[in-house]
$ cat protein.cif   # mmCIF, C-alpha atoms
data_upload
#
loop_
_atom_site.group_PDB
_atom_site.id
_atom_site.type_symbol
_atom_site.label_atom_id
_atom_site.label_comp_id
_atom_site.auth_asym_id
_atom_site.auth_seq_id
_atom_site.Cartn_x
_atom_site.Cartn_y
_atom_site.Cartn_z
ATOM 1 C CA MET D 1 -7.509 3.439 17.357
ATOM 2 C CA ALA D 2 -4.803 0.987 16.278
ATOM 3 C CA ILE D 3 -1.457 1.061 18.068
ATOM 4 C CA ASN D 4 1.627 -0.212 16.264
ATOM 5 C CA TRP D 5 3.793 -1.745 18.961
ATOM 6 C CA ASP D 6 6.356 -3.159 16.517
ATOM 7 C CA LYS D 7 8.358 -0.006 15.821
ATOM 8 C CA PRO D 8 9.086 1.363 19.341
ATOM 9 C CA ALA D 9 10.142 -2.049 20.641
ATOM 10 C CA ASP D 10 12.906 -2.904 18.189
ATOM 11 C CA ARG D 11 13.288 0.259 16.031
ATOM 12 C CA ARG D 12 13.652 -1.798 12.868
ATOM 13 C CA PRO D 13 11.514 -1.253 9.780
ATOM 14 C CA PRO D 14 9.245 -4.259 9.088
ATOM 15 C CA GLN D 15 10.266 -6.754 6.445
ATOM 16 C CA PRO D 16 8.441 -6.193 3.122
ATOM 17 C CA ASP D 17 7.158 -9.778 2.982
ATOM 18 C CA ALA D 18 6.152 -10.003 6.662
ATOM 19 C CA VAL D 19 2.512 -10.841 7.337
ATOM 20 C CA ARG D 20 0.763 -8.204 9.407
ATOM 21 C CA GLU D 21 -2.386 -8.742 11.431
ATOM 22 C CA VAL D 22 -4.840 -6.365 13.046
ATOM 23 C CA VAL D 23 -5.867 -8.028 16.301
ATOM 24 C CA VAL D 24 -7.997 -7.129 19.287
ATOM 25 C CA ARG D 25 -6.058 -7.451 22.541
ATOM 26 C CA ARG D 26 -7.447 -7.373 26.076
ATOM 27 C CA CYS D 27 -5.532 -6.680 29.280
ATOM 28 C CA LYS D 28 -5.621 -9.433 31.903
ATOM 29 C CA VAL D 29 -5.311 -6.931 34.755
ATOM 30 C CA CYS D 30 -7.374 -3.842 33.893
ATOM 31 C CA GLU D 31 -10.342 -3.263 31.556
ATOM 32 C CA TRP D 32 -8.287 -2.032 28.565
ATOM 33 C CA GLU D 33 -9.171 -3.451 25.157
ATOM 34 C CA GLY D 34 -7.897 -2.182 21.807
ATOM 35 C CA GLU D 35 -6.816 -2.924 18.247
ATOM 36 C CA VAL D 36 -3.126 -3.637 17.655
ATOM 37 C CA ILE D 37 -1.095 -4.153 14.461
ATOM 38 C CA GLU D 38 1.246 -7.116 14.883
ATOM 39 C CA THR D 39 3.890 -8.628 12.624
ATOM 40 C CA GLY D 40 3.428 -12.334 11.901
ATOM 41 C CA GLY D 41 6.699 -13.348 13.587
ATOM 42 C CA ASP D 42 5.729 -11.981 17.025
ATOM 43 C CA THR D 43 5.769 -14.672 19.713
ATOM 44 C CA LYS D 44 5.596 -12.432 22.781
ATOM 45 C CA ASN D 45 2.482 -10.713 24.070
ATOM 46 C CA PRO D 46 2.806 -6.913 24.232
ATOM 47 C CA ASP D 47 2.131 -5.098 27.487
ATOM 48 C CA CYS D 48 -1.012 -3.101 28.227
ATOM 49 C CA PRO D 49 -0.539 0.632 27.468
ATOM 50 C CA TRP D 50 -2.472 1.594 30.636
ATOM 51 C CA CYS D 51 -1.135 -0.642 33.404
ATOM 52 C CA HIS D 52 1.738 -2.453 31.592
ATOM 53 C CA GLY D 53 0.204 -5.792 32.524
ATOM 54 C CA PRO D 54 0.055 -8.847 30.244
ATOM 55 C CA THR D 55 -2.426 -8.925 27.385
ATOM 56 C CA GLU D 56 -4.167 -11.708 25.516
ATOM 57 C CA ARG D 57 -5.380 -11.914 21.942
ATOM 58 C CA LYS D 58 -9.152 -11.766 21.765
ATOM 59 C CA ALA D 59 -9.763 -11.760 17.987
ATOM 60 C CA THR D 60 -8.048 -11.280 14.623
ATOM 61 C CA LEU D 61 -9.720 -8.602 12.500
ATOM 62 C CA ALA D 62 -7.573 -8.598 9.342
ATOM 63 C CA THR D 63 -4.479 -10.209 7.863
ATOM 64 C CA SER D 64 -2.319 -8.785 5.096
ATOM 65 C CA ALA D 65 -1.508 -10.921 2.082
ATOM 66 C CA ARG D 66 2.102 -11.979 1.714
ATOM 67 C CA VAL D 67 3.573 -10.523 -1.474
ATOM 68 C CA GLY D 68 7.255 -11.124 -2.181
ATOM 69 C CA ALA D 69 9.642 -8.443 -3.383
ATOM 70 C CA GLY D 70 9.622 -9.658 -7.016
ATOM 71 C CA GLU D 71 5.971 -10.683 -7.196
ATOM 72 C CA LYS D 72 3.075 -8.552 -8.342
ATOM 73 C CA ASN D 73 -0.192 -8.149 -6.495
ATOM 74 C CA PRO D 74 -2.668 -10.094 -8.683
ATOM 75 C CA HIS D 75 -5.571 -7.775 -7.831
ATOM 76 C CA ALA D 76 -3.655 -4.636 -8.830
ATOM 77 C CA ALA D 77 -2.425 -6.339 -12.017
ATOM 78 C CA ALA D 78 -5.995 -7.252 -13.000
ATOM 79 C CA LEU D 79 -7.212 -3.691 -12.468
ATOM 80 C CA GLY D 80 -4.305 -2.280 -14.460
ATOM 81 C CA ARG D 81 -4.979 -4.711 -17.271
ATOM 82 C CA LEU D 82 -8.639 -3.642 -17.433
ATOM 83 C CA GLY D 83 -7.667 0.007 -17.815
ATOM 84 C CA GLY D 84 -4.943 -0.872 -20.326
ATOM 85 C CA ILE D 85 -7.319 -2.839 -22.539
ATOM 86 C CA LYS D 86 -9.774 0.053 -22.797
ATOM 87 C CA GLY D 87 -7.090 2.754 -22.585
ATOM 88 C CA GLY D 88 -6.282 4.783 -25.665
ATOM 89 C CA ARG D 89 -9.122 3.590 -27.866
ATOM 90 C CA ALA D 90 -11.827 4.614 -25.379
ATOM 91 C CA ARG D 91 -10.131 7.965 -24.773
ATOM 92 C CA ALA D 92 -9.760 8.645 -28.515
ATOM 93 C CA GLU D 93 -13.437 7.870 -29.147
ATOM 94 C CA ALA D 94 -14.470 10.277 -26.384
ATOM 95 C CA LEU D 95 -12.438 13.201 -27.797
ATOM 96 C CA THR D 96 -13.810 15.629 -30.339
ATOM 97 C CA PRO D 97 -11.827 16.307 -33.519
ATOM 98 C CA THR D 98 -10.814 19.731 -32.164
ATOM 99 C CA GLN D 99 -9.444 18.185 -28.971
ATOM 100 C CA ARG D 100 -7.531 15.520 -30.913
ATOM 101 C CA ARG D 101 -6.030 18.220 -33.178
ATOM 102 C CA ARG D 102 -4.956 20.301 -30.165
ATOM 103 C CA ILE D 103 -3.322 17.279 -28.484
ATOM 104 C CA ALA D 104 -1.510 16.320 -31.714
ATOM 105 C CA SER D 105 -0.187 19.839 -32.309
ATOM 106 C CA ARG D 106 1.102 20.094 -28.711
ATOM 107 C CA ALA D 107 2.848 16.740 -29.105
ATOM 108 C CA ALA D 108 4.458 17.830 -32.384
ATOM 109 C CA ARG D 109 5.612 21.115 -30.821
ATOM 110 C CA ALA D 110 7.138 19.205 -27.907
ATOM 111 C CA ARG D 111 8.949 16.800 -30.263
ATOM 112 C CA TRP D 112 10.279 19.385 -32.702
ATOM 113 C CA GLY D 113 10.851 22.160 -30.168
ATOM 114 C CA LYS D 114 13.609 20.311 -28.308
ATOM 115 C CA GLU D 115 17.182 21.446 -28.788
ATOM 116 C CA LYS D 116 19.456 18.831 -30.242
ATOM 117 C CA LYS D 117 22.348 17.666 -28.109
ATOM 118 C CA LYS D 118 25.688 18.870 -29.372
ATOM 119 C CA LYS D 119 28.375 16.265 -29.904
ATOM 120 C CA ASP D 120 31.711 17.275 -28.395
#

$ encode --input "protein.cif" --output "structure tokens"
Amino acid sequence: MAINWDKPADRRPPQPDAVREVVVRRCKVCEWEGEVIETGGDTKNPDCPWCHGPTERKATLATSARVGAGEKNPHAAALGRLGGIKGGRARAEALTPTQRRRIASRAARARWGKEKKKKD
């Protein structure tokens, strides 16, 4: 179970470009050991949830990639590009003529069935 100790401490939402880490922490006083999500800017060690004693970082399990507000995730962009390249052509080849006709007639009905906006 991962405990997020960032939110209760300062009640601020995390920054979108902050690096987050999943770390294993161990209590120096009791036998507690658990996974904790920490923001990259944390310099203080959180207290143990059992005895409120000091904890130490034992290992880092995962780190999030830093993606800025205006930047795109390159992995998501590559996957989207793969689907976009195949996209309509692959779907059109998989459809039967009856299905294509039904889709085209529904699209035409939607286009021509709209009421025109009146100019005042």

$ residues_near_point --input "protein.cif" --point "(-1.5, -7.7, 21.7)" --cutoff "9 Å" --atoms "all atoms listed in the file" --output "JSON, numbers by chain"
{"D": [5, 23, 24, 25, 26, 27, 34, 35, 36, 37, 38, 44, 45, 46, 47, 48, 54, 55, 56, 57, 58]}

$ atom_distance --input "protein.cif" --atom1 "CA of Thr60 in chain D" --atom2 "CA of Thr39 in chain D"
12.4 Å

$ closest_atom_pairs --input "protein.cif" --of "range 38-96 of chain D" --to "range 100-103 of chain D" --cutoff "8 Å" --atoms "only C-alpha atoms" --output "tab-separated table"
residue	atom	partner	partner_atom	distance
D:Ala92	CA	D:Arg100	CA	7.6
D:Leu95	CA	D:Arg100	CA	6.3
D:Thr96	CA	D:Arg100	CA	6.3

$ closest_residue --input "protein.cif" --among "D:Leu79, D:Ala108, D:Val19, D:Lys114" --to "Thr63 in chain D" --atoms "only C-alpha atoms"
D:Val19

$ atom_distance --input "protein.cif" --atom1 "CA of Ala77 in chain D" --atom2 "CA of Arg89 in chain D"
19.9 Å

$ atom_distance --input "protein.cif" --atom1 "CA of Ser64 in chain D" --atom2 "CA of Ala78 in chain D"
18.5 Å
